[in-house]
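Accompanying notes for the structure given below.
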Amino acid sequence: MKGNLWKSICLFMIVAMLISACATATTAPATVAPATSAPAAATCKDADRVPISWSTIAGFYTDAMTKIVSDFEATHCVKVTVVNIDNSQLYDKQIIEAVGNTGAYDVFTMETAEKASFAENNYILPMDDYINANSAAVDYNDVAPILADITTRYKGHIWGLPYYTYTQGQFFRQDLFDDPTEQAAFKAKYGYDLTPPQTWDQTHDVAEFFTRKAGENLKGVPLTKDFYGIGLMAGPYQEIQDELLGMIIWKGSDVLANDGTITVNDAANEWALDFYVNQLLPFAPPAATTVTYDGVMNQMQDCQIAMTANFFLDQWPNAVKTEQSCPGAVMGIGEGIEKTVYVGAFLLGVSSSSKHPKEAMDFVAYVGGKEAQTTFASMGGSTTRISVLSDPQFNTPESRPFTAHFAVLLKVFQNMTGKNSNLFYSPFGAKLYNSEGLIEHKAAVHEVTPAESLKELYDTWVQYCGGTICTVNR
Amino acid sequence: MESAVIEKPKPAPKAKKTMSDKWYGGLLITPAMVIILIFALIPLFYAVNVSFRHADLTMGGIQGWVGLNNYRTVLHEAKFWATVKTTLVFTCVAIIVEMSLGVLIAFLIYGATWGKGLIRSLVILPLATAPAVTGLFWRYLYDTQFGPFNYFISLLGLPWHPNWLGDIKLGMASLIIFDTWLWVPFVALIVLAGLQSLPKEPFEAAELDGASTFRVLRTLTAPMLGPVLTLVFILRTIDLLRLYDSVATLTRSGPGDTTETMTYYLYRQGLVFFRMDYASTMALLFMFAVIVASGFALRPLLTRLAKRAGAR
């Protein structure tokens with residue numbers, strides 16, 4: 001009996017090894033097949049389609065992306081597998097696959113601050129030759145210049161194309177600013193006219209003015225719950241640093257100097273965090289210390305806040321829903337306080353371990369191209385192309401609920417020309433960016449002072465960069 | 001003359017060669033050992049190797065030998081010790097609360113005269129879902145503006161409007177409450193099983209002798225339930241020490257970094273900043289601490305079990 005058992009185990013192992021060897025033999029050629037030019041899509045059979053996979057953000061305009069992928073497949077003999085990954089895990093997952101050179105994803109989705117890290121480590125392929133060879137189709141010059149610069153350029157090469165911008169501006173309840181009772185009360189208290197704030201001092205005043213307890217009047221009507229002057233993204237996420245970056249740049253500084261010197265604890269950085277914590281946060285809902293952008297949009301739609309600070313303009317379709325949820329609300333949109341804001345976009349790049357780089361580049365060019373970007377914009381997406389942003393069809397009263405921010409984005413890109421952060425050109429950018437929010441959030445919840453928070457941030461960055469100077473490759 | 005035929009004695013049938021018990025036992029555990037070798041020991045040795053090297057995956061990958069530098073850096077890092085403190089505070093408070101409530105609930109169910117099955121089924125519900133999922137659900141429960149907890153507090157007319165996940169004084173308590181909700185049923189069910197397996201005779205004898213409830217509890221129930229309680233205590237302690245998923249989904253180490261446990265910090269070092277050298281070093285230090293602590297905690301239990309086995 002025991003002998004039989006032993007023989008059975010041996011037999012099982014031999015069979016298992018044979019099966020696995022056969023499986024390897026049948027799959028191996030497919031994985032090493034060189035990229036070949038695909039047959040025309042019209043005559044293309046499913047079996048002939050070149051498979052590529054795209055790692056992207058789960059829940060971000062999934063419907064629009066499905067449509068765009070479908071359109072791409074209709075014109076290319078390629079089968080695109082979309083791998084939706086939660087935004088908080090996207091960078092980690094992509095890096096693991098890139099380090100392992102697994103080829104699991106042919107196309108990566110990256111944040112602005114991550115581009116240099118991917119490029120420096122050769123996780124993505126430069127696309128200069130492809131773009132030059134397909135200049136008419138790609139029309140690289142149509143990409144908003146500041147986005148093209150910060151999201152695609154590094155060490156003299158172009159590493160991909162941006163397809164979705166989350167550049168900031170400002171949202172506010174225009175109806176509150178237009179109300180004569182509120183205007184008179186504001187003028188009496190502060191001595192100047194009530195308008196959507198243009199400066200940080202005005203932002204403080206307006207935030208303070210509109211912060212009221214339940215029972216007090218707003219537009220002459222008693223409030224049923226507490227109302228707050230400003231919505232802030234002070235939770236343990238990265239967005240707090242995006243709110244701060246515009247303030248820091250407006251003060252003439254940055255988080256990294258041009259030579260890479262870490263400046264996160266300089267006077268401008270300290271002013272920004274101190275002002276944010278002590279002059280703005282007291283007028284935000286208590287939940288401000290737990291939320292990010294979606295939480296602020298919930299507060300806006302729940303009639304809790306009068307305005308945002310500098311905030312992601314791609315959220316306009318959510319912000320405008322306030323007009324339905326709050327009686328009498330009219331939403332306004334601005335270029336941002338001091339007209340100096342965080343600018344950024346998601347970009348697509350081709351993995352250097354892609355088995356089909358040409359098809360992957362075709363896909364990147366398609367998604368970032370005018371046709372797909374127009375489709376994207378028509379479905380509420382925040383496009384990166386000047387021609388689409390200025391397309392008259394997206395500047396009509398009918399399109400206002402989806403695209404009213406397009407005209408503002410054009411102005412913001414203009415305002416921010418030449419004011420982009422050095423963070424986006426550092427190969428340490430991803431690490432620095434990922435570490436910043438949690439440390440600054442400590443000041444927001446008063447666990448430490450702003451100065452202590454920035455000291456910790458400075459020390460952390462010194463550790464990551466191996467010294468007080470982080471490499472910056474403009 | 002009759003010839004005597006001397007029959008040759010037949011050779012004894014050749015005994016079939018069989019495998020000894022020792023080898024047979026070895027054979028049976030081989031698959032498990034192979035799996036452990038592949039999935040536990042090889043990564044462990046790899047982690048040991050990485051902990052002695054410079055390994056920044058996004059800056060050159062695994063590089064040269066640096067000796068004990070990583071251990072020196074980690075052990076001198078204030079942040080590391082802050083997370084150790086957070087982990088210990090969380091573990092100590094949570095284990096006391098969970099064990100106390102778990103034992104209490106087990107006794108209540110044990111003494112219940114009806115609906116035991118239904119109560120047991122209800123109690124097990126929190127264990128039936130992943131902490132990652134329930135953590136997200138509890139984020140909503142704790143929400144300052146829209147959460148049911150604050151809604152019920154306001155219904156009571158209390159002037160208190162807690163910011164459960166945004167106030168540094170409440171963050172740890174919120175995490176402990178969540179973990180207690182999640183794991184008290186586990187403690188209660190194991191203790192209940194222990195209670196139900198206790199022999200009846202000593203308790204009947206004590207009742208005949210007129211022993212008080214407290215005396216029975218002190219001299220019979222507690223000692224007899226001791227091994228079960230010890231086991232649950234150790235299992236829960238180890239689990240609490242390596243808390244990750246609840247932090248990741250519920251608090252994200254906030255407010256501030258008041259709920260940043262060792263494992264969450266380790267995760268951030270390894271899989272956000274890709275410093276595999278520091279992450280491996282911390283993981284090994286953590287594993288060493290848990291093994292030593294578990295060894296001390298398990299010794300009395302193992303000694304008792306060995307004695308019991310010897311007596312049989």
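In the structure tokens, chains take letters A, B, ... by order of appearance, with residues numbered from 1 within each chain and ligands from 1 in the order shown.
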
Give one line per residue of chain B that approaches chain A to at most 6 Å, naming the two atoms of the closest pair and their distance in Å to one decimal, counting only C-alpha atoms; sort by chain then ascending residue number and deliver it as a Markdown table.
| residue | atom | partner | partner_atom | distance |
| --- | --- | --- | --- | --- |
| B:Thr144 | CA | A:Ala287 | CA | 5.8 |
| B:Gly166 | CA | A:Thr289 | CA | 5.1 |
| B:Gly256 | CA | A:Lys442 | CA | 4.0 |
| B:Leu271 | CA | A:Asp92 | CA | 5.9 |
| B:Val272 | CA | A:Asp92 | CA | 5.9 |
| B:Phe273 | CA | A:Lys431 | CA | 5.6 |

*From a DSSP pass on the backbone, collect the residues of region 227-456 of chain A flagged as strand (DSSP E or B) and hand them back as a VMD selection string.*
chain A and resid 227 to 228 231 256 261 to 262 305 307 to 308 311 to 312 331 to 334 345 to 351 385

With C-alpha atoms retained, could you export that selection as a PDB file, in the first residue's frame?
ATOM      1  CA  PHE A 227     -22.084  76.463   7.021  1.00  0.00           C
ATOM      2  CA  TYR A 228     -18.410  76.918   6.231  1.00  0.00           C
ATOM      3  CA  GLY A 231     -13.616  73.480   1.510  1.00  0.00           C
ATOM      4  CA  LEU A 256      13.091  72.197  -5.064  1.00  0.00           C
ATOM      5  CA  THR A 261      18.355  72.220  -3.402  1.00  0.00           C
ATOM      6  CA  ILE A 262      15.534  71.108  -1.132  1.00  0.00           C
ATOM      7  CA  ILE A 305     -19.325  75.339   1.843  1.00  0.00           C
ATOM      8  CA  MET A 307     -16.093  77.960  -2.118  1.00  0.00           C
ATOM      9  CA  THR A 308     -12.999  75.891  -2.568  1.00  0.00           C
ATOM     10  CA  PHE A 311      -9.086  73.080  -6.680  1.00  0.00           C
ATOM     11  CA  PHE A 312      -8.985  70.555  -9.521  1.00  0.00           C
ATOM     12  CA  MET A 331     -21.844  77.768  -9.380  1.00  0.00           C
ATOM     13  CA  GLY A 332     -18.980  79.970 -10.481  1.00  0.00           C
ATOM     14  CA  ILE A 333     -15.566  79.014 -11.701  1.00  0.00           C
ATOM     15  CA  GLY A 334     -12.319  80.980 -11.561  1.00  0.00           C
ATOM     16  CA  ALA A 345      -2.089  65.742 -15.934  1.00  0.00           C
ATOM     17  CA  PHE A 346      -2.086  61.990 -16.250  1.00  0.00           C
ATOM     18  CA  LEU A 347       0.107  60.850 -19.085  1.00  0.00           C
ATOM     19  CA  LEU A 348       0.431  57.603 -20.956  1.00  0.00           C
ATOM     20  CA  GLY A 349       3.832  56.048 -21.640  1.00  0.00           C
ATOM     21  CA  VAL A 350       4.961  52.813 -23.222  1.00  0.00           C
ATOM     22  CA  SER A 351       6.589  50.232 -21.007  1.00  0.00           C
ATOM     23  CA  ARG A 385      -5.442  69.585 -26.160  1.00  0.00           C
TER      24      ARG A 385
END

*Tell me, as a VMD selection string, which residues lie within 12 Å of region 219-227 of chain B, counting only C-alpha atoms; anything in the same chain fewer than 4 positions away does not count.*
chain B and resid 103 106 to 107 190 to 207 211 to 215 231 to 234 297 to 305 308

Convert the current residue selection to file output with N, CA and C atoms, as a short mmCIF file (atom, residue, chain, number, x, y, z; two decimals), in the first residue's frame.
data_model
loop_
_atom_site.label_atom_id
_atom_site.label_comp_id
_atom_site.auth_asym_id
_atom_site.auth_seq_id
_atom_site.Cartn_x
_atom_site.Cartn_y
_atom_site.Cartn_z
N VAL B 103 -14.69 37.34 26.33
CA VAL B 103 -14.99 36.39 27.40
C VAL B 103 -16.38 36.66 27.97
N ALA B 106 -18.94 35.44 25.56
CA ALA B 106 -18.96 33.97 25.56
C ALA B 106 -19.75 33.44 26.75
N PHE B 107 -19.54 34.02 27.93
CA PHE B 107 -20.28 33.58 29.12
C PHE B 107 -21.78 33.87 28.97
N ILE B 190 -14.29 31.25 20.27
CA ILE B 190 -13.28 30.28 20.74
C ILE B 190 -13.50 30.00 22.23
N VAL B 191 -13.73 31.05 23.00
CA VAL B 191 -13.94 30.85 24.44
C VAL B 191 -15.22 30.05 24.68
N LEU B 192 -16.24 30.35 23.89
CA LEU B 192 -17.49 29.61 24.01
C LEU B 192 -17.26 28.12 23.73
N ALA B 193 -16.51 27.83 22.69
CA ALA B 193 -16.19 26.43 22.38
C ALA B 193 -15.44 25.78 23.55
N GLY B 194 -14.52 26.56 24.14
CA GLY B 194 -13.79 26.04 25.30
C GLY B 194 -14.72 25.76 26.47
N LEU B 195 -15.63 26.67 26.71
CA LEU B 195 -16.59 26.49 27.81
C LEU B 195 -17.45 25.24 27.60
N GLN B 196 -17.88 25.07 26.37
CA GLN B 196 -18.77 23.94 26.08
C GLN B 196 -18.05 22.60 26.14
N SER B 197 -16.72 22.63 26.03
CA SER B 197 -15.98 21.37 26.06
C SER B 197 -15.51 21.00 27.47
N LEU B 198 -15.77 21.86 28.45
CA LEU B 198 -15.34 21.54 29.82
C LEU B 198 -16.16 20.37 30.36
N PRO B 199 -15.51 19.47 31.12
CA PRO B 199 -16.26 18.34 31.68
C PRO B 199 -17.30 18.83 32.69
N LYS B 200 -18.43 18.14 32.76
CA LYS B 200 -19.54 18.58 33.62
C LYS B 200 -19.32 18.18 35.10
N GLU B 201 -18.63 17.03 35.28
CA GLU B 201 -18.58 16.44 36.62
C GLU B 201 -18.04 17.37 37.71
N PRO B 202 -16.91 18.01 37.48
CA PRO B 202 -16.38 18.87 38.56
C PRO B 202 -17.37 19.98 38.95
N PHE B 203 -18.08 20.49 37.97
CA PHE B 203 -19.02 21.57 38.25
C PHE B 203 -20.23 21.05 39.03
N GLU B 204 -20.66 19.82 38.68
CA GLU B 204 -21.78 19.22 39.42
C GLU B 204 -21.38 18.94 40.86
N ALA B 205 -20.14 18.47 41.02
CA ALA B 205 -19.64 18.19 42.38
C ALA B 205 -19.56 19.47 43.19
N ALA B 206 -19.07 20.52 42.54
CA ALA B 206 -18.95 21.80 43.23
C ALA B 206 -20.31 22.33 43.63
N GLU B 207 -21.28 22.13 42.75
CA GLU B 207 -22.64 22.58 43.04
C GLU B 207 -23.21 21.82 44.24
N ALA B 211 -20.55 25.23 46.46
CA ALA B 211 -19.56 26.27 46.16
C ALA B 211 -20.24 27.48 45.52
N SER B 212 -19.76 28.65 45.85
CA SER B 212 -20.35 29.87 45.28
C SER B 212 -19.95 30.00 43.81
N THR B 213 -20.70 30.81 43.09
CA THR B 213 -20.41 31.01 41.66
C THR B 213 -18.99 31.55 41.47
N PHE B 214 -18.64 32.52 42.28
CA PHE B 214 -17.31 33.12 42.16
C PHE B 214 -16.22 32.07 42.42
N ARG B 215 -16.47 31.21 43.43
CA ARG B 215 -15.47 30.18 43.77
C ARG B 215 -15.32 29.18 42.60
N LEU B 231 -4.20 30.62 24.34
CA LEU B 231 -4.08 30.47 22.90
C LEU B 231 -4.73 31.65 22.17
N VAL B 232 -5.93 32.01 22.58
CA VAL B 232 -6.62 33.14 21.94
C VAL B 232 -5.82 34.42 22.14
N PHE B 233 -5.31 34.58 23.34
CA PHE B 233 -4.52 35.77 23.67
C PHE B 233 -3.31 35.88 22.73
N ILE B 234 -2.63 34.76 22.54
CA ILE B 234 -1.43 34.80 21.69
C ILE B 234 -1.81 35.05 20.24
N ALA B 297 5.50 33.53 25.47
CA ALA B 297 4.08 33.41 25.80
C ALA B 297 3.60 31.96 25.68
N LEU B 298 4.14 31.26 24.70
CA LEU B 298 3.66 29.90 24.45
C LEU B 298 4.28 28.87 25.39
N ARG B 299 5.42 29.22 25.99
CA ARG B 299 6.14 28.23 26.79
C ARG B 299 5.25 27.58 27.87
N PRO B 300 4.53 28.35 28.69
CA PRO B 300 3.71 27.70 29.72
C PRO B 300 2.66 26.76 29.13
N LEU B 301 2.08 27.21 28.01
CA LEU B 301 1.04 26.39 27.39
C LEU B 301 1.63 25.08 26.87
N LEU B 302 2.76 25.20 26.19
CA LEU B 302 3.38 24.00 25.63
C LEU B 302 3.84 23.06 26.74
N THR B 303 4.38 23.63 27.82
CA THR B 303 4.82 22.81 28.96
C THR B 303 3.63 22.04 29.52
N ARG B 304 2.51 22.75 29.67
CA ARG B 304 1.33 22.11 30.24
C ARG B 304 0.82 20.98 29.32
N LEU B 305 0.80 21.28 28.02
CA LEU B 305 0.34 20.27 27.07
C LEU B 305 1.28 19.06 27.05
N ARG B 308 0.60 16.99 30.09
CA ARG B 308 -0.66 16.25 29.95
C ARG B 308 -0.46 15.03 29.04
#

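Minimum atom-to-atom distances from A:Gly328, A:Pro317, A:Gly156, A:Gly368 to Thr403 (chain A) were compared using only C-alpha atoms, and the lowest value belongs to A:Pro317.
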